[in-house]
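Q: Take this structure, written in structure tokens, and hold onto it; I'll ask about it next.
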Amino acid sequence: MKFYDCTTAPSPRRVRIFLAEKGITVPTVQVDLRNNEQLTPAFRAINPDATVPALELDNGTRINDAIGICVYFEAIHPQPPLMGATAEEKALVASWQREVERNGFYAVMEAFRNSTPGLKGRALPGPHNYEQIPALAERGRLRVAHFVQHMNTRLAESEYVAGPRYSVADITALITVDFAIRAKLPIPEECAHLRRWHAQVSARPSAKA
Ligand SMILES: N[C@@H](CCC(=O)N[C@@H](CS)C(=O)NCC(=O)O)C(=O)O
């Protein structure tokens, strides 16, 4: 098995945290995104989407999506459950996970990739080049502001994002908030519940992954 990673990128960090929570280690290959190694023919032969993370199984099958990789490890290594244990929990974790991804992670990405000078012509990850649109960066910042308020309300009523148990929804939310901080969109002072949750999940050893 081989895990294609990049230590500085948020998406592979989702998988690293997931694996750390489960106590699994996988042989890892670093892909140098800073020097566009993901766009080389050699890496595109591994993942035609030209993104990390990617996981190559021993039988040659490749899984080219962070959550797809998590689904695989949850199935072969169910403890501790990170995608819900009961039917209801599984449904809630999947719903929150997707909501955080859509309204949080993609919003930060919109803000960051449409304004970072080093990403000119690379406003979206993947094999195609797209120009930056400054209005999208502005819209992304507004969406992030709405997202953090929404999460603050949610975390006022719930210990973790999807309920009383830590899950992959918390992992997606953690990498999103840390990505936002890096994009100079820190958690507002008044979001006390989001700050409480962020301190709590950041203190888990897996957060260092
Ligand atoms: N389908 C992927 C997308 C992952 C993704 O966007 N990865 C980024 C790093 S966070 C990437 O590889 N970017 C390469 C680039 O910017 O060219 C997933 O969610 O796992």
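Residue names in the structure tokens use chain letters A, B, ... in the order shown, residue numbers from 1 in each chain, and ligand numbers from 1 in the order shown.
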Under the rule of at most 10 Å, produce a per-residue listing of chain A near ligand 1: chain, number, name, the closest pair of atoms, and the distance in Å, as JSON lines, using only C-alpha atoms and all ligand atoms.
A:
```
{"residue": "A:Tyr4", "atom": "CA", "partner": "ligand 1", "partner_atom_place_in_ligand_line": "12 (O)", "distance": 9.9}
{"residue": "A:Asp5", "atom": "CA", "partner": "ligand 1", "partner_atom_place_in_ligand_line": "12 (O)", "distance": 8.8}
{"residue": "A:Cys6", "atom": "CA", "partner": "ligand 1", "partner_atom_place_in_ligand_line": "9 (C)", "distance": 7.6}
{"residue": "A:Thr7", "atom": "CA", "partner": "ligand 1", "partner_atom_place_in_ligand_line": "9 (C)", "distance": 9.7}
{"residue": "A:Thr8", "atom": "CA", "partner": "ligand 1", "partner_atom_place_in_ligand_line": "10 (S)", "distance": 8.3}
{"residue": "A:Ala9", "atom": "CA", "partner": "ligand 1", "partner_atom_place_in_ligand_line": "10 (S)", "distance": 4.5}
{"residue": "A:Pro10", "atom": "CA", "partner": "ligand 1", "partner_atom_place_in_ligand_line": "10 (S)", "distance": 4.6}
{"residue": "A:Ser11", "atom": "CA", "partner": "ligand 1", "partner_atom_place_in_ligand_line": "10 (S)", "distance": 4.0}
{"residue": "A:Pro12", "atom": "CA", "partner": "ligand 1", "partner_atom_place_in_ligand_line": "10 (S)", "distance": 6.5}
{"residue": "A:Arg13", "atom": "CA", "partner": "ligand 1", "partner_atom_place_in_ligand_line": "10 (S)", "distance": 8.2}
{"residue": "A:Arg14", "atom": "CA", "partner": "ligand 1", "partner_atom_place_in_ligand_line": "20 (O)", "distance": 8.7}
{"residue": "A:Val15", "atom": "CA", "partner": "ligand 1", "partner_atom_place_in_ligand_line": "20 (O)", "distance": 8.8}
{"residue": "A:Val31", "atom": "CA", "partner": "ligand 1", "partner_atom_place_in_ligand_line": "12 (O)", "distance": 8.9}
{"residue": "A:Asp32", "atom": "CA", "partner": "ligand 1", "partner_atom_place_in_ligand_line": "14 (C)", "distance": 9.5}
{"residue": "A:Leu33", "atom": "CA", "partner": "ligand 1", "partner_atom_place_in_ligand_line": "14 (C)", "distance": 6.2}
{"residue": "A:Arg34", "atom": "CA", "partner": "ligand 1", "partner_atom_place_in_ligand_line": "16 (O)", "distance": 8.7}
{"residue": "A:Asn35", "atom": "CA", "partner": "ligand 1", "partner_atom_place_in_ligand_line": "17 (O)", "distance": 9.7}
{"residue": "A:Asn36", "atom": "CA", "partner": "ligand 1", "partner_atom_place_in_ligand_line": "17 (O)", "distance": 6.6}
{"residue": "A:Glu37", "atom": "CA", "partner": "ligand 1", "partner_atom_place_in_ligand_line": "17 (O)", "distance": 8.7}
{"residue": "A:Gln38", "atom": "CA", "partner": "ligand 1", "partner_atom_place_in_ligand_line": "14 (C)", "distance": 6.4}
{"residue": "A:Leu39", "atom": "CA", "partner": "ligand 1", "partner_atom_place_in_ligand_line": "17 (O)", "distance": 7.0}
{"residue": "A:Asn47", "atom": "CA", "partner": "ligand 1", "partner_atom_place_in_ligand_line": "1 (N)", "distance": 9.8}
{"residue": "A:Asp49", "atom": "CA", "partner": "ligand 1", "partner_atom_place_in_ligand_line": "1 (N)", "distance": 7.4}
{"residue": "A:Ala50", "atom": "CA", "partner": "ligand 1", "partner_atom_place_in_ligand_line": "12 (O)", "distance": 6.3}
{"residue": "A:Thr51", "atom": "CA", "partner": "ligand 1", "partner_atom_place_in_ligand_line": "12 (O)", "distance": 3.1}
{"residue": "A:Val52", "atom": "CA", "partner": "ligand 1", "partner_atom_place_in_ligand_line": "12 (O)", "distance": 4.0}
{"residue": "A:Pro53", "atom": "CA", "partner": "ligand 1", "partner_atom_place_in_ligand_line": "20 (O)", "distance": 5.4}
{"residue": "A:Ala54", "atom": "CA", "partner": "ligand 1", "partner_atom_place_in_ligand_line": "20 (O)", "distance": 7.3}
{"residue": "A:Ile63", "atom": "CA", "partner": "ligand 1", "partner_atom_place_in_ligand_line": "20 (O)", "distance": 9.0}
{"residue": "A:Asn64", "atom": "CA", "partner": "ligand 1", "partner_atom_place_in_ligand_line": "20 (O)", "distance": 6.1}
{"residue": "A:Asp65", "atom": "CA", "partner": "ligand 1", "partner_atom_place_in_ligand_line": "20 (O)", "distance": 3.4}
{"residue": "A:Ala66", "atom": "CA", "partner": "ligand 1", "partner_atom_place_in_ligand_line": "20 (O)", "distance": 3.6}
{"residue": "A:Ile67", "atom": "CA", "partner": "ligand 1", "partner_atom_place_in_ligand_line": "20 (O)", "distance": 6.5}
{"residue": "A:Gly68", "atom": "CA", "partner": "ligand 1", "partner_atom_place_in_ligand_line": "20 (O)", "distance": 7.6}
{"residue": "A:Ile69", "atom": "CA", "partner": "ligand 1", "partner_atom_place_in_ligand_line": "20 (O)", "distance": 8.2}
{"residue": "A:Cys70", "atom": "CA", "partner": "ligand 1", "partner_atom_place_in_ligand_line": "20 (O)", "distance": 9.9}
{"residue": "A:Glu101", "atom": "CA", "partner": "ligand 1", "partner_atom_place_in_ligand_line": "19 (O)", "distance": 9.2}
{"residue": "A:Phe105", "atom": "CA", "partner": "ligand 1", "partner_atom_place_in_ligand_line": "10 (S)", "distance": 9.9}
{"residue": "A:Tyr106", "atom": "CA", "partner": "ligand 1", "partner_atom_place_in_ligand_line": "6 (O)", "distance": 9.5}
{"residue": "A:Met109", "atom": "CA", "partner": "ligand 1", "partner_atom_place_in_ligand_line": "10 (S)", "distance": 8.8}
{"residue": "A:Arg113", "atom": "CA", "partner": "ligand 1", "partner_atom_place_in_ligand_line": "16 (O)", "distance": 8.6}
{"residue": "A:Leu119", "atom": "CA", "partner": "ligand 1", "partner_atom_place_in_ligand_line": "16 (O)", "distance": 7.9}
{"residue": "A:Arg122", "atom": "CA", "partner": "ligand 1", "partner_atom_place_in_ligand_line": "16 (O)", "distance": 6.7}
{"residue": "A:Ala123", "atom": "CA", "partner": "ligand 1", "partner_atom_place_in_ligand_line": "16 (O)", "distance": 8.0}
{"residue": "A:Leu124", "atom": "CA", "partner": "ligand 1", "partner_atom_place_in_ligand_line": "16 (O)", "distance": 6.6}
{"residue": "A:Pro125", "atom": "CA", "partner": "ligand 1", "partner_atom_place_in_ligand_line": "16 (O)", "distance": 4.0}
{"residue": "A:Gly126", "atom": "CA", "partner": "ligand 1", "partner_atom_place_in_ligand_line": "17 (O)", "distance": 5.5}
{"residue": "A:Pro127", "atom": "CA", "partner": "ligand 1", "partner_atom_place_in_ligand_line": "17 (O)", "distance": 7.3}
{"residue": "A:His128", "atom": "CA", "partner": "ligand 1", "partner_atom_place_in_ligand_line": "17 (O)", "distance": 8.9}
{"residue": "A:Asn129", "atom": "CA", "partner": "ligand 1", "partner_atom_place_in_ligand_line": "17 (O)", "distance": 8.9}
{"residue": "A:Ile175", "atom": "CA", "partner": "ligand 1", "partner_atom_place_in_ligand_line": "10 (S)", "distance": 9.8}
{"residue": "A:Phe179", "atom": "CA", "partner": "ligand 1", "partner_atom_place_in_ligand_line": "10 (S)", "distance": 9.5}
```
Q: Please identify which residues in range 18-208 of chain A DSSP calls alpha helix (DSSP H) from the backbone, and express them as a ChimeraX atom specification.
A: /A:18-22,41-46,66-76,87-100,106-113,134-157,168-182,192-202
Q: Excluding Arg139 in chain A and any residue of its chain fewer than 4 positions from it, enumerate the residues within 8 Å of it, using only C-alpha atoms, and give them as a ChimeraX atom specification.
A: /A:110-111,135,143
Q: Would you mind exporting C-alpha atoms of the selected residues as a PDB file, in the first residue's frame?
A:
```
ATOM      1  CA  GLU A 110     -12.462  29.984  -3.041  1.00  0.00           C
ATOM      2  CA  ALA A 111     -11.086  32.840  -0.915  1.00  0.00           C
ATOM      3  CA  ALA A 135     -14.791  38.666  -6.873  1.00  0.00           C
ATOM      4  CA  ARG A 143     -19.089  32.568   2.864  1.00  0.00           C
TER       5      ARG A 143
END
```
Q: I want to know what sits within 12 Å of Pro205 in chain A, based on only C-alpha atoms, with residues of the same chain fewer than 6 positions away left out; could you give that as a list of chain:residue names?
A: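 Counting only C-alpha atoms, the residues come to A:Arg16, A:Ile17, A:Phe18, A:Leu19, A:Ala20, A:Glu21, A:Lys22, A:Gly23.
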Q: Write out as a ChimeraX atom specification all residues of range 7-209 of chain A that DSSP puts in strand (DSSP E or B) for this structure's backbone.
A: /A:28-30,54-56,62-63,122,130,160,163
Q: Can you tell me, as a PyMOL selection string, what residues are no more than 7 Å from range 75-90 of chain A when counting only C-alpha atoms, ignoring any on the same chain fewer than 5 positions away?
A: chain A and resi 22+166-168
Q: Those same residues - all heavy atoms - I'd like them written as a short mmCIF file (atom, residue, chain, number, x, y, z; two decimals), in the first residue's frame.
A:
```
data_model
loop_
_atom_site.label_atom_id
_atom_site.label_comp_id
_atom_site.auth_asym_id
_atom_site.auth_seq_id
_atom_site.Cartn_x
_atom_site.Cartn_y
_atom_site.Cartn_z
N LYS A 22 -7.02 6.22 14.19
CA LYS A 22 -7.20 4.77 14.17
C LYS A 22 -5.92 4.02 14.54
O LYS A 22 -5.93 2.79 14.65
CB LYS A 22 -7.66 4.33 12.78
CG LYS A 22 -9.08 4.80 12.47
CD LYS A 22 -9.80 3.87 11.57
CE LYS A 22 -11.21 4.34 11.30
NZ LYS A 22 -12.23 3.55 12.00
N TYR A 166 -16.62 12.27 18.58
CA TYR A 166 -15.66 12.78 17.57
C TYR A 166 -15.78 11.95 16.30
O TYR A 166 -15.87 10.72 16.36
CB TYR A 166 -14.26 12.66 18.16
CG TYR A 166 -13.14 13.12 17.25
CD1 TYR A 166 -12.69 14.44 17.27
CD2 TYR A 166 -12.51 12.24 16.38
CE1 TYR A 166 -11.65 14.87 16.46
CE2 TYR A 166 -11.47 12.65 15.55
CZ TYR A 166 -11.04 13.96 15.60
OH TYR A 166 -10.02 14.38 14.79
N SER A 167 -15.78 12.62 15.14
CA SER A 167 -15.95 11.90 13.87
C SER A 167 -15.18 12.58 12.75
O SER A 167 -14.55 13.64 12.94
CB SER A 167 -17.44 11.86 13.49
OG SER A 167 -17.84 13.14 13.02
N VAL A 168 -15.31 12.00 11.57
CA VAL A 168 -14.65 12.57 10.39
C VAL A 168 -15.18 13.98 10.09
O VAL A 168 -14.48 14.79 9.47
CB VAL A 168 -14.81 11.61 9.18
CG1 VAL A 168 -16.22 11.59 8.65
CG2 VAL A 168 -13.82 11.93 8.07
#
```
